[in-house]
Structure formats: C-alpha cells, structure tokens
file protein_38.pdb (PDB, C-alpha atoms)
MODEL        1
ATOM      1  CA  MET E  27      -1.202  27.095 134.782
ATOM      2  CA  ASN E  28      -2.261  28.591 131.472
ATOM      3  CA  MET E  29      -4.810  26.886 129.223
ATOM      4  CA  LYS E  30      -2.341  25.553 126.628
ATOM      5  CA  THR E  31      -0.059  24.062 129.277
ATOM      6  CA  LYS E  32      -2.995  22.417 131.031
ATOM      7  CA  PHE E  33      -4.303  21.036 127.724
ATOM      8  CA  PHE E  34      -0.932  19.528 126.770
ATOM      9  CA  ALA E  35      -0.277  18.172 130.262
ATOM     10  CA  THR E  36      -3.735  16.577 130.490
ATOM     11  CA  SER E  37      -3.448  15.176 126.961
ATOM     12  CA  GLY E  38      -0.042  13.721 127.759
ATOM     13  CA  ILE E  39      -1.330  12.065 130.906
ATOM     14  CA  ILE E  40      -4.355  10.580 129.117
ATOM     15  CA  ALA E  41      -2.169   9.257 126.266
ATOM     16  CA  ALA E  42       0.346   7.836 128.762
ATOM     17  CA  VAL E  43      -2.390   6.065 130.732
ATOM     18  CA  TYR E  44      -3.781   4.609 127.502
ATOM     19  CA  ILE E  45      -0.334   3.334 126.494
ATOM     20  CA  ALA E  46       0.551   1.983 129.942
ATOM     21  CA  VAL E  47      -2.713   0.074 130.406
ATOM     22  CA  SER E  48      -2.596  -1.338 126.851
ATOM     23  CA  LEU E  49       0.983  -2.548 127.134
ATOM     24  CA  LEU E  50       0.645  -3.775 130.710
ATOM     25  CA  LEU E  51      -2.231  -5.980 129.570
ATOM     26  CA  ALA E  52      -0.712  -6.585 126.108
ATOM     27  CA  PRO E  53      -1.862 -10.182 125.684
ATOM     28  CA  LEU E  54      -5.444  -8.913 125.976
ATOM     29  CA  SER E  55      -4.880  -5.773 123.890
ATOM     30  CA  PHE E  56      -4.186  -7.351 120.503
ATOM     31  CA  GLY E  57      -5.707 -10.224 118.559
ATOM     32  CA  ALA E  58      -9.022 -11.720 117.491
ATOM     33  CA  ILE E  59     -10.272 -11.917 121.066
ATOM     34  CA  GLN E  60      -9.319  -8.763 122.885
ATOM     35  CA  LEU E  61     -10.239  -6.724 125.893
ATOM     36  CA  ARG E  62      -8.216  -3.545 125.491
ATOM     37  CA  PHE E  63      -9.102  -1.979 128.830
ATOM     38  CA  SER E  64      -7.463   1.308 127.844
ATOM     39  CA  GLU E  65     -10.442   1.762 125.501
ATOM     40  CA  ILE E  66     -12.322   2.919 128.592
ATOM     41  CA  LEU E  67     -10.707   6.276 127.862
ATOM     42  CA  ASN E  68     -12.671   6.517 124.597
ATOM     43  CA  GLN E  69     -15.624   7.589 126.735
ATOM     44  CA  LEU E  70     -13.818  10.848 127.521
ATOM     45  CA  ILE E  71     -14.844  12.142 124.083
ATOM     46  CA  VAL E  72     -18.453  12.520 125.235
ATOM     47  CA  PHE E  73     -17.360  15.017 127.884
ATOM     48  CA  ASN E  74     -15.123  17.162 125.674
ATOM     49  CA  LYS E  75     -14.035  16.826 122.047
ATOM     50  CA  LYS E  76     -10.576  18.077 123.021
ATOM     51  CA  TYR E  77      -9.777  14.574 124.322
ATOM     52  CA  PHE E  78      -9.581  13.496 120.669
ATOM     53  CA  TYR E  79      -5.858  14.178 120.375
ATOM     54  CA  ALA E  80      -4.913  12.462 123.633
ATOM     55  CA  ILE E  81      -6.794   9.298 122.706
ATOM     56  CA  VAL E  82      -5.463   9.183 119.138
ATOM     57  CA  ILE E  83      -1.870   9.715 120.296
ATOM     58  CA  GLY E  84      -2.324   6.980 122.908
ATOM     59  CA  VAL E  85      -3.611   4.548 120.274
ATOM     60  CA  PHE E  86      -0.853   5.496 117.815
ATOM     61  CA  ILE E  87       1.989   4.988 120.293
ATOM     62  CA  THR E  88       0.431   1.778 121.656
ATOM     63  CA  ASN E  89       0.109   0.372 118.144
ATOM     64  CA  LEU E  90       3.800   1.077 117.479
ATOM     65  CA  PHE E  91       4.334  -1.875 119.835
ATOM     66  CA  SER E  92       1.663  -4.058 118.245
ATOM     67  CA  PRO E  93       2.645  -7.617 117.389
ATOM     68  CA  ASN E  94       0.524  -7.089 114.248
ATOM     69  CA  GLY E  95       3.110  -4.742 112.786
ATOM     70  CA  PRO E  96       2.792  -1.341 111.104
ATOM     71  CA  ILE E  97      -0.574  -2.195 109.533
ATOM     72  CA  ASP E  98      -2.035  -1.825 113.044
ATOM     73  CA  LEU E  99      -1.181   1.871 112.905
ATOM     74  CA  LEU E 100      -3.358   2.345 109.838
ATOM     75  CA  PHE E 101      -6.324   0.235 110.925
ATOM     76  CA  GLY E 102      -6.203   0.856 114.690
ATOM     77  CA  VAL E 103      -5.703   4.603 114.469
ATOM     78  CA  GLY E 104      -8.189   4.797 111.588
ATOM     79  CA  GLN E 105     -10.843   2.974 113.588
ATOM     80  CA  THR E 106     -10.286   5.325 116.534
ATOM     81  CA  VAL E 107     -10.319   8.521 114.456
ATOM     82  CA  LEU E 108     -13.514   7.537 112.626
ATOM     83  CA  SER E 109     -15.299   6.417 115.806
ATOM     84  CA  LEU E 110     -14.329   9.498 117.806
ATOM     85  CA  GLY E 111     -15.354  11.722 114.885
ATOM     86  CA  ILE E 112     -18.787  10.130 114.647
ATOM     87  CA  THR E 113     -19.310  10.552 118.392
ATOM     88  CA  ILE E 114     -18.187  14.185 118.258
ATOM     89  CA  LEU E 115     -20.732  14.840 115.488
ATOM     90  CA  SER E 116     -23.449  13.090 117.525
ATOM     91  CA  ALA E 117     -23.139  15.692 120.289
ATOM     92  CA  LYS E 118     -25.247  18.033 118.138
ATOM     93  CA  PHE E 119     -28.141  15.582 118.319
ATOM     94  CA  ILE E 120     -27.609  13.601 121.537
ATOM     95  CA  LYS E 121     -27.539  15.901 124.554
ATOM     96  CA  SER E 122     -27.497  13.371 127.391
ATOM     97  CA  ILE E 123     -24.006  12.269 128.468
ATOM     98  CA  VAL E 124     -25.214   8.736 129.254
ATOM     99  CA  ALA E 125     -27.007   8.438 125.901
ATOM    100  CA  ARG E 126     -23.853   9.671 124.138
ATOM    101  CA  MET E 127     -21.753   7.117 126.050
ATOM    102  CA  ILE E 128     -24.101   4.354 124.910
ATOM    103  CA  PHE E 129     -23.975   5.700 121.350
ATOM    104  CA  ASN E 130     -20.160   5.884 121.574
ATOM    105  CA  THR E 131     -20.089   2.251 122.716
ATOM    106  CA  VAL E 132     -22.215   1.188 119.756
ATOM    107  CA  VAL E 133     -20.090   3.199 117.311
ATOM    108  CA  PHE E 134     -16.766   1.856 118.584
ATOM    109  CA  SER E 135     -18.104  -1.701 118.660
ATOM    110  CA  PHE E 136     -19.567  -1.477 115.157
ATOM    111  CA  MET E 137     -16.407   0.136 113.772
ATOM    112  CA  MET E 138     -14.384  -2.869 114.911
ATOM    113  CA  TRP E 139     -15.023  -4.157 111.379
ATOM    114  CA  LEU E 140     -11.800  -2.307 110.542
ATOM    115  CA  ILE E 141      -9.877  -4.353 113.110
ATOM    116  CA  ALA E 142     -11.538  -7.542 111.844
ATOM    117  CA  TRP E 143     -10.464  -6.609 108.314
ATOM    118  CA  GLU E 144      -6.907  -6.008 109.529
ATOM    119  CA  LEU E 145      -6.813  -9.405 111.264
ATOM    120  CA  ASN E 146      -8.262 -11.012 108.143
ATOM    121  CA  ILE E 147      -5.454  -9.495 106.057
ATOM    122  CA  ILE E 148      -2.664 -10.422 108.488
ATOM    123  CA  PHE E 149      -3.782 -13.809 109.800
ATOM    124  CA  ASP E 150      -6.439 -14.847 107.269
ATOM    125  CA  LEU E 151      -8.994 -15.001 110.098
ATOM    126  CA  PRO E 152     -12.643 -15.224 109.035
ATOM    127  CA  PHE E 153     -13.916 -11.643 108.750
ATOM    128  CA  GLY E 154     -17.453 -12.084 110.158
ATOM    129  CA  TYR E 155     -16.486 -14.174 113.162
ATOM    130  CA  THR E 156     -13.505 -11.930 113.961
ATOM    131  CA  TRP E 157     -15.690  -8.822 113.680
ATOM    132  CA  LEU E 158     -18.061 -10.411 116.170
ATOM    133  CA  THR E 159     -15.319 -11.323 118.658
ATOM    134  CA  VAL E 160     -13.519  -7.964 118.583
ATOM    135  CA  ALA E 161     -16.833  -6.072 118.678
ATOM    136  CA  ILE E 162     -17.983  -8.020 121.739
ATOM    137  CA  GLY E 163     -14.690  -7.309 123.505
ATOM    138  CA  GLU E 164     -14.980  -3.613 122.661
ATOM    139  CA  ALA E 165     -18.602  -3.467 123.818
ATOM    140  CA  ILE E 166     -17.738  -5.120 127.143
ATOM    141  CA  VAL E 167     -14.945  -2.649 127.880
ATOM    142  CA  MET E 168     -16.922   0.394 126.732
ATOM    143  CA  LEU E 169     -20.010  -0.623 128.737
ATOM    144  CA  ILE E 170     -17.896  -1.193 131.847
ATOM    145  CA  ALA E 171     -16.515   2.299 131.256
ATOM    146  CA  ILE E 172     -19.860   4.067 131.535
ATOM    147  CA  PRO E 173     -20.416   3.824 135.307
ATOM    148  CA  ILE E 174     -16.669   4.135 135.996
ATOM    149  CA  MET E 175     -16.294   7.338 133.978
ATOM    150  CA  LEU E 176     -19.512   8.810 135.374
ATOM    151  CA  LEU E 177     -18.266   8.167 138.901
ATOM    152  CA  ILE E 178     -14.815   9.645 138.234
ATOM    153  CA  ASN E 179     -16.405  12.622 136.479
ATOM    154  CA  LYS E 180     -18.205  13.584 139.694
ATOM    155  CA  ARG E 181     -14.797  14.233 141.239
ATOM    156  CA  VAL E 182     -12.627  15.252 138.263
ATOM    157  CA  HIS E 183     -15.134  17.081 135.982
ATOM    158  CA  PHE E 184     -13.817  15.857 132.631
ATOM    159  CA  ARG E 185     -15.447  18.649 130.635
ATOM    160  CA  LYS E 186     -13.727  21.414 132.576
ATOM    161  CA  LEU E 187     -10.414  19.567 132.810
ATOM    162  CA  MET E 188      -9.605  20.382 129.187
ATOM    163  CA  ASP E 189     -11.156  23.868 129.163
ATOM    164  CA  ALA E 190      -9.785  25.559 132.283
TER
ENDMDL
END

call {"tool": "encode", "arguments": {"input": "protein_38.pdb", "output": "structure tokens"}}
result
Amino acid sequence: MNMKTKFFATSGIIAAVYIAVSLLLAPLSFGAIQLRFSEILNQLIVFNKKYFYAIVIGVFITNLFSPNGPIDLLFGVGQTVLSLGITILSAKFIKSIVARMIFNTVVFSFMMWLIAWELNIIFDLPFGYTWLTVAIGEAIVMLIAIPIMLLINKRVHFRKLMDA
C-alpha cells in the first residue's frame, strides 16, 4: 500500500471511529455536561501531527448531527482546530509523549470555553459554570485516554501508522 493510500485509509478509519463513538453515545456527547468519549482520539495528535485531518473531519461530521444545530460546526470544529494546533506547536518544546498528552489534556479542557460560549448563546446557560462542567468532562475523557493510548501504541505504533 502506498503512503497516500495508507494515510487516507487510516484517516478515514480514525474519523469513522470518532463519529461512531460520538453518535453511539450521543446523549453524553452534546450538552452542558458531556463525556464525549471519542475525544480520546485527540491524544493521537501527540504521536503524529498528520492525525489532525482525521480528527477534524470526525468532529465536523459528528457535529452535523448535533442537536445544537449548525452553530456546533463553528464552535466545535473551531475548538478542535485551535486545540490541536496548540498541541502541534508544543511538540517543539515538549519532547516527552506523556508530558505532551498531559499538555494536550490541559489545552483541550481549557479551550472548552468555546463550547461554553456556544451553549451560552444557544441555551442561555451561565458561561462560567458551563465552562467548568464541559472542561471537567473533557479532562476526564482526555486523562482516561493517556494510559489507553499508550497501551495501544505499544502494539499499533501510532507515529509510524501515518508515515509508512
């Protein structure tokens, strides 16, 4: 399999897994209190920046089905793009995979202010409290992801998977 084919196939699989997990657990994936378990895949970015596209496409397609409407495309995809970008830039300064995963968790959790803002606009939910609740949910999922992704990486080798 050539490199482009492998990249597109792997990206498609990652995006599909993100979408499937999000929609399967849809009641938990949207709202002021959420545990979007598909966000575990955000940790892939610390292994290889080429996962960016797969994750963003997964979020975009998932948010097409959001009960929050089209505004979720802007805020949800925006939050993901900004967070992934910050983590990609951090790779120049943070060499340890585990340290980058912790940093990625902090970034994604902090950046949930965008989702809190969205929910404030749509449902008039209190911004500060909603930021806290969505950030806690994000932190829980992303922290759970660290040992899971490290364990899977021993077998799958995430870095090489996109480079072959």

call {"tool": "residues_around", "arguments": {"input": "protein_38.pdb", "residues": "E:Leu67", "least_positions_apart": "3", "cutoff": "9 Å", "atoms": "only C-alpha atoms", "output": "list in words"}}
result
Ile40, Val43, Tyr44, Phe63, Ser64, Leu70, Ile71, Ile81, Met168, Ala171 and Met175 of chain E

call {"tool": "write_last_selection", "arguments": {"input": "protein_38.pdb", "atoms": "C-alpha atoms", "output": "PDB file, in the coordinates of the input"}}
result
ATOM      1  CA  ILE E  40      -4.355  10.580 129.117  1.00  0.00           C
ATOM      2  CA  VAL E  43      -2.390   6.065 130.732  1.00  0.00           C
ATOM      3  CA  TYR E  44      -3.781   4.609 127.502  1.00  0.00           C
ATOM      4  CA  PHE E  63      -9.102  -1.979 128.830  1.00  0.00           C
ATOM      5  CA  SER E  64      -7.463   1.308 127.844  1.00  0.00           C
ATOM      6  CA  LEU E  70     -13.818  10.848 127.521  1.00  0.00           C
ATOM      7  CA  ILE E  71     -14.844  12.142 124.083  1.00  0.00           C
ATOM      8  CA  ILE E  81      -6.794   9.298 122.706  1.00  0.00           C
ATOM      9  CA  MET E 168     -16.922   0.394 126.732  1.00  0.00           C
ATOM     10  CA  ALA E 171     -16.515   2.299 131.256  1.00  0.00           C
ATOM     11  CA  MET E 175     -16.294   7.338 133.978  1.00  0.00           C
TER      12      MET E 175
END

call {"tool": "residues_around", "arguments": {"input": "protein_38.pdb", "residues": "E:Leu151", "least_positions_apart": "5", "cutoff": "9 Å", "atoms": "only C-alpha atoms", "output": "list in words"}}
result
Ala58, Ala142, Trp143, Leu145, Asn146 and Thr156 of chain E

call {"tool": "resolve_selection", "arguments": {"input": "protein_38.pdb", "expression": "the PyMOL selection byres ((chain E and resi 99) around 12)", "output": "PDB file with C-alpha atoms, keeping the file's coordinate frame"}}
result
ATOM      1  CA  VAL E  82      -5.463   9.183 119.138  1.00  0.00           C
ATOM      2  CA  ILE E  83      -1.870   9.715 120.296  1.00  0.00           C
ATOM      3  CA  GLY E  84      -2.324   6.980 122.908  1.00  0.00           C
ATOM      4  CA  VAL E  85      -3.611   4.548 120.274  1.00  0.00           C
ATOM      5  CA  PHE E  86      -0.853   5.496 117.815  1.00  0.00           C
ATOM      6  CA  ILE E  87       1.989   4.988 120.293  1.00  0.00           C
ATOM      7  CA  THR E  88       0.431   1.778 121.656  1.00  0.00           C
ATOM      8  CA  ASN E  89       0.109   0.372 118.144  1.00  0.00           C
ATOM      9  CA  LEU E  90       3.800   1.077 117.479  1.00  0.00           C
ATOM     10  CA  PHE E  91       4.334  -1.875 119.835  1.00  0.00           C
ATOM     11  CA  SER E  92       1.663  -4.058 118.245  1.00  0.00           C
ATOM     12  CA  PRO E  93       2.645  -7.617 117.389  1.00  0.00           C
ATOM     13  CA  ASN E  94       0.524  -7.089 114.248  1.00  0.00           C
ATOM     14  CA  GLY E  95       3.110  -4.742 112.786  1.00  0.00           C
ATOM     15  CA  PRO E  96       2.792  -1.341 111.104  1.00  0.00           C
ATOM     16  CA  ILE E  97      -0.574  -2.195 109.533  1.00  0.00           C
ATOM     17  CA  ASP E  98      -2.035  -1.825 113.044  1.00  0.00           C
ATOM     18  CA  LEU E 100      -3.358   2.345 109.838  1.00  0.00           C
ATOM     19  CA  PHE E 101      -6.324   0.235 110.925  1.00  0.00           C
ATOM     20  CA  GLY E 102      -6.203   0.856 114.690  1.00  0.00           C
ATOM     21  CA  VAL E 103      -5.703   4.603 114.469  1.00  0.00           C
ATOM     22  CA  GLY E 104      -8.189   4.797 111.588  1.00  0.00           C
ATOM     23  CA  GLN E 105     -10.843   2.974 113.588  1.00  0.00           C
ATOM     24  CA  THR E 106     -10.286   5.325 116.534  1.00  0.00           C
ATOM     25  CA  VAL E 107     -10.319   8.521 114.456  1.00  0.00           C
ATOM     26  CA  LEU E 140     -11.800  -2.307 110.542  1.00  0.00           C
ATOM     27  CA  ILE E 141      -9.877  -4.353 113.110  1.00  0.00           C
ATOM     28  CA  GLU E 144      -6.907  -6.008 109.529  1.00  0.00           C
TER      29      GLU E 144
END

call {"tool": "residues_around", "arguments": {"input": "protein_38.pdb", "residues": "stretch 124-139 of chain E", "least_positions_apart": "2", "cutoff": "7 Å", "atoms": "only C-alpha atoms", "output": "PyMOL selection string"}}
result
chain E and resi 69+72+105+109+113+120+122+141-143+157+160-161+164-165+168-169+172

call {"tool": "atom_distance", "arguments": {"input": "protein_38.pdb", "atom1": "atom CA of E:Phe73", "atom2": "atom CA of E:Phe184"}}
result
6.0 Å

call {"tool": "closest_residue", "arguments": {"input": "protein_38.pdb", "among": "E:Ile66, E:Val182, E:Leu187, E:Leu110", "to": "E:Val47", "atoms": "all atoms listed in the file"}}
result
E:Ile66

call {"tool": "atom_distance", "arguments": {"input": "protein_38.pdb", "atom1": "atom CA of E:Gly111", "atom2": "atom CA of E:Lys180"}}
result
25.0 Å

call {"tool": "axis_aligned_box", "arguments": {"input": "protein_38.pdb", "around": "stretch 80-83 of chain E", "padding_each_side": "4 Å", "output": "JSON"}}
result
{"center_x": -4.3, "center_y": 10.8, "center_z": 121.4, "size_x": 12.9, "size_y": 11.3, "size_z": 12.5}

call {"tool": "closest_residue", "arguments": {"input": "protein_38.pdb", "among": "E:Ala80, E:Ile114, E:Met188, E:Leu61", "to": "E:Ile162", "atoms": "all atoms listed in the file"}}
result
E:Leu61

call {"tool": "build_atoms", "arguments": {"input": "protein_38.pdb", "residues": "stretch 50-69 of chain E", "atoms": "N, CA, C and O atoms", "output": "short mmCIF file (atom, residue, chain, number, x, y, z; two decimals), in the coordinates of the input"}}
result
data_model
loop_
_atom_site.label_atom_id
_atom_site.label_comp_id
_atom_site.auth_asym_id
_atom_site.auth_seq_id
_atom_site.Cartn_x
_atom_site.Cartn_y
_atom_site.Cartn_z
N LEU E 50 0.62 -2.96 129.50
CA LEU E 50 0.64 -3.78 130.71
C LEU E 50 -0.21 -5.03 130.52
O LEU E 50 0.15 -6.11 130.98
N LEU E 51 -1.31 -4.87 129.82
CA LEU E 51 -2.23 -5.98 129.57
C LEU E 51 -2.13 -6.43 128.11
O LEU E 51 -3.12 -6.87 127.51
N ALA E 52 -0.94 -6.34 127.54
CA ALA E 52 -0.71 -6.58 126.11
C ALA E 52 -1.32 -7.88 125.56
O ALA E 52 -1.88 -7.85 124.47
N PRO E 53 -1.25 -8.98 126.27
CA PRO E 53 -1.86 -10.18 125.68
C PRO E 53 -3.36 -10.01 125.40
O PRO E 53 -3.90 -10.63 124.50
N LEU E 54 -4.01 -9.15 126.17
CA LEU E 54 -5.44 -8.91 125.98
C LEU E 54 -5.73 -7.77 125.00
O LEU E 54 -6.85 -7.60 124.56
N SER E 55 -4.69 -6.99 124.67
CA SER E 55 -4.88 -5.77 123.89
C SER E 55 -4.82 -5.96 122.38
O SER E 55 -5.14 -5.04 121.63
N PHE E 56 -4.36 -7.11 121.93
CA PHE E 56 -4.19 -7.35 120.50
C PHE E 56 -4.73 -8.74 120.18
O PHE E 56 -4.66 -9.64 120.98
N GLY E 57 -5.26 -8.90 118.98
CA GLY E 57 -5.71 -10.22 118.56
C GLY E 57 -7.19 -10.30 118.28
O GLY E 57 -7.93 -9.33 118.41
N ALA E 58 -7.63 -11.50 117.89
CA ALA E 58 -9.02 -11.72 117.49
C ALA E 58 -9.98 -11.70 118.67
O ALA E 58 -11.16 -11.40 118.53
N ILE E 59 -9.48 -12.04 119.84
CA ILE E 59 -10.27 -11.92 121.07
C ILE E 59 -9.49 -10.95 121.93
O ILE E 59 -8.37 -11.24 122.35
N GLN E 60 -10.06 -9.77 122.13
CA GLN E 60 -9.32 -8.76 122.88
C GLN E 60 -10.22 -7.98 123.82
O GLN E 60 -11.38 -7.74 123.53
N LEU E 61 -9.63 -7.63 124.93
CA LEU E 61 -10.24 -6.72 125.89
C LEU E 61 -9.20 -5.65 126.16
O LEU E 61 -8.38 -5.77 127.07
N ARG E 62 -9.19 -4.63 125.32
CA ARG E 62 -8.22 -3.54 125.49
C ARG E 62 -8.83 -2.56 126.49
O ARG E 62 -9.57 -1.66 126.13
N PHE E 63 -8.49 -2.76 127.76
CA PHE E 63 -9.10 -1.98 128.83
C PHE E 63 -8.82 -0.48 128.73
O PHE E 63 -9.58 0.33 129.25
N SER E 64 -7.76 -0.11 128.05
CA SER E 64 -7.46 1.31 127.84
C SER E 64 -8.55 1.99 127.01
O SER E 64 -8.68 3.21 127.04
N GLU E 65 -9.35 1.21 126.30
CA GLU E 65 -10.44 1.76 125.50
C GLU E 65 -11.51 2.43 126.37
O GLU E 65 -12.35 3.16 125.86
N ILE E 66 -11.44 2.20 127.66
CA ILE E 66 -12.32 2.92 128.59
C ILE E 66 -12.18 4.42 128.37
O ILE E 66 -13.15 5.17 128.45
N LEU E 67 -10.97 4.85 128.05
CA LEU E 67 -10.71 6.28 127.86
C LEU E 67 -11.42 6.86 126.64
O LEU E 67 -11.56 8.08 126.53
N ASN E 68 -11.89 6.02 125.74
CA ASN E 68 -12.67 6.52 124.60
C ASN E 68 -13.93 7.24 125.05
O ASN E 68 -14.44 8.10 124.33
N GLN E 69 -14.41 6.93 126.23
CA GLN E 69 -15.62 7.59 126.74
C GLN E 69 -15.37 9.05 127.10
O GLN E 69 -16.31 9.83 127.25
#
